[in-house]
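Okay, structure first, notes after.
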Amino acid sequence: MSVKMSSRQVGDVTVVDAAGRITLGEGASVFRDMIRDLAAKGDKKILVNLSDVSYIDSSGIGEMVSSFTTVTNHGGQLKLLGLTKRVKDLLQITKLYTVFDVFEDEPSAIRSFA
Amino acid sequence: MAERKMLLDSTLDSVEVAETAVLGAAREIGFHEDDLHQLGMAVRESMVNAVVHGNRYNARKKVHLSVTKAPDRLIIVIADEGDGFDVNKVPDPLAENNLLRQSGRGLLLIRAFVDEFQVLPGQPRGTEVRMVKYLAKAS
């Protein structure tokens with residue numbers, strides 16, 4: 001299964017729920033397009049919920065980094081929510097824990113944008 | 001030791017084929033779920049390198065996969081027919097200036113997920129990567 005993504009609004013924060021696999025090909029491009037569209041239409045506070053993402057490869061990590069840069073360049077913030085142990089391990093191996101703000105629960109993540 | 005060889009097209013479908021073949025062999029010799037995940041990711045990254053960066057999706061070029069089962073380890077060799085590359089010239093993805101680069105983390109992940117990893121010049125051309133994962137070191 002590739003990735004499925006949807007967005008919802010919690011106050012002024014756009015929460016993007018992702019589920020499935022973010023890997024080279026369709027999964028990574030779906031992720032990229034979704035975040036770029038949100039940034040282009042002016043969303044400044046984006047929280048990506050990865051709790052149902054089972055697998056991310058290096059291309060998927062690359063798209064997450066690229067999305068972070070895109071949103072930041074638009075004057076916004078992109079943060080991560082609900083990482084599985086495997087995704088946490090990936091962020092530690094790649095030192096991206098030092099780049100992304102990561103949250104365990106949604107209310108804390110939403111409050112952090114205030 | 002039982003060796004299985006496969007000749008694969010330079011397509012992303014081959015990435016899935018290789019991952020499935022390696023994980024099947026790994027299950028047969030008793031690797032557990034976390035190690036299967038790590039092996040699968042190492043194979044996926046190596047196959048993507050071979051298909052995308054090595055053979056550049058060239059339909060005339062193949063990817064050579066060898067999976068050897070030993071009682072205590074799995075040995076995987078993936079070779080492409082590309083132009084080869086100097087592994088020492090790959091930018092360090094952990095360097096401060098490279099953290100926000102979009103690509104360049106594949107080799108880092110492979111090294112993290114297998115016990116032995118070598119990048120060798122292919123014969124007669126291309127690149128050959130050799131990966132070993134030991135059952136005894138499995139968590």
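Chain labels A, B, ... are given in the sequence in which chains occur in the structure tokens; within each chain residues are numbered consecutively from 1, and ligands are likewise numbered from 1 in the order shown.
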Please build the interface table for range 22-105 of chain B against range 74-94 of chain A with a cut-off of 9 Å, listing for each qualifying residue the nearest atom pair and the distance in Å to one decimal; count only C-alpha atoms, order rows by chain and increasing number, and write it as a Markdown table.
```
| residue | atom | partner | partner_atom | distance |
| --- | --- | --- | --- | --- |
| B:Asp34 | CA | A:Arg86 | CA | 8.8 |
| B:His37 | CA | A:Arg86 | CA | 8.9 |
| B:Pro93 | CA | A:Thr94 | CA | 7.3 |
| B:Leu94 | CA | A:Thr94 | CA | 6.4 |
| B:Leu99 | CA | A:Thr94 | CA | 7.9 |
| B:Arg105 | CA | A:Thr94 | CA | 7.3 |
```
In chain A, DSSP strand (DSSP E or B) residues written as a ChimeraX atom specification
/A:4-10,13-22,45-56,77-81,102-103
Selection: 8 Å around Asp52 in chain A, only C-alpha atoms, excl. self and same-chain fewer than 3 positions, as a ChimeraX atom specification:
/A:18-20,49
Residue selection dump (N, CA and C atoms) as a CSV table (one decimal), in the first residue's frame:
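selection-v2.csv written:
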```
chain,number,residue,atom,x,y,z
A,18,ALA,N,-1.2,10.9,7.8
A,18,ALA,CA,-0.6,10.1,6.8
A,18,ALA,C,-0.7,8.6,7.2
A,19,ALA,N,-1.0,7.7,6.3
A,19,ALA,CA,-1.0,6.3,6.6
A,19,ALA,C,-0.5,5.5,5.4
A,20,GLY,N,0.3,4.4,5.8
A,20,GLY,CA,0.9,3.6,4.8
A,20,GLY,C,2.4,3.7,4.7
A,49,ASN,N,1.0,14.0,11.1
A,49,ASN,CA,0.7,12.9,11.9
A,49,ASN,C,1.2,11.6,11.2
```
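Interface residues on chain B toward chain A (cut-off 9 Å, only C-alpha atoms): Leu12, Asp34, His37, Met41, Arg44, Glu45, Val48, Pro93, Leu94, Leu99, Leu100, Arg101, Gln102, Ser103, Gly104, Arg105, Gly106, Leu108, Leu109 and Ala112 of chain B.
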Those same residues, written as a tab-separated table (two decimals), in the first residue's frame with C-alpha atoms?
```tsv
chain	number	residue	atom	x	y	z
B	12	LEU	CA	11.20	-0.07	-9.31
B	34	ASP	CA	12.86	-6.09	13.65
B	37	HIS	CA	12.57	-4.80	8.72
B	41	MET	CA	15.29	-1.59	4.18
B	44	ARG	CA	15.48	-1.67	-0.76
B	45	GLU	CA	18.08	1.11	-0.52
B	48	VAL	CA	17.15	1.70	-5.53
B	93	PRO	CA	24.69	13.14	5.21
B	94	LEU	CA	25.36	13.74	8.91
B	99	LEU	CA	21.35	17.66	7.06
B	100	LEU	CA	18.73	19.42	4.92
B	101	ARG	CA	19.77	17.84	1.63
B	102	GLN	CA	16.93	15.92	0.05
B	103	SER	CA	19.00	12.88	-0.93
B	104	GLY	CA	22.15	11.01	0.04
B	105	ARG	CA	21.05	8.97	3.06
B	106	GLY	CA	20.74	5.54	1.45
B	108	LEU	CA	24.01	5.58	5.76
B	109	LEU	CA	20.86	3.53	6.34
B	112	ALA	CA	23.13	1.06	10.03
```
Pairwise distance, CA of Leu74 in chain B with CA of Ile29 in chain B, equals 8.3 Å
Neighbouring residues of Ser112 in chain A were defined as those with any atom within 10 Å, considering only C-alpha atoms; residues of the same chain fewer than 4 positions away were excluded. Please report them as an mmCIF file with N, CA and C atoms, in the first residue's frame.
```
data_model
loop_
_atom_site.group_PDB
_atom_site.id
_atom_site.type_symbol
_atom_site.label_atom_id
_atom_site.label_comp_id
_atom_site.auth_asym_id
_atom_site.auth_seq_id
_atom_site.Cartn_x
_atom_site.Cartn_y
_atom_site.Cartn_z
ATOM 1 N N LYS A 79 5.856 20.434 11.801
ATOM 2 C CA LYS A 79 6.249 19.595 12.925
ATOM 3 C C LYS A 79 5.694 18.186 12.740
ATOM 4 N N ASP A 101 10.791 19.262 15.017
ATOM 5 C CA ASP A 101 10.117 19.223 16.310
ATOM 6 C C ASP A 101 9.184 18.014 16.279
ATOM 7 N N PHE A 103 6.477 15.405 18.404
ATOM 8 C CA PHE A 103 5.559 15.335 19.547
ATOM 9 C C PHE A 103 4.914 13.965 19.625
ATOM 10 N N GLU A 106 -1.166 14.845 20.245
ATOM 11 C CA GLU A 106 -1.655 15.937 19.403
ATOM 12 C C GLU A 106 -1.909 17.241 20.165
ATOM 13 N N PRO A 107 -2.533 17.206 21.365
ATOM 14 C CA PRO A 107 -2.771 18.474 22.056
ATOM 15 C C PRO A 107 -1.477 19.246 22.332
ATOM 16 N N SER A 108 -0.422 18.549 22.753
ATOM 17 C CA SER A 108 0.855 19.225 23.009
ATOM 18 C C SER A 108 1.408 19.820 21.717
#
```
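Within 8 Å of range 52-60 of chain B there are B:Asp9, B:Ser10, B:Thr11, B:Val48, B:Asn49, B:Val63, B:Asp80, B:Glu81, B:Gly82, B:Asp83, B:Gly84, B:Gly126, B:Thr127, counting only C-alpha atoms and ignoring same-chain residues fewer than 3 positions away.
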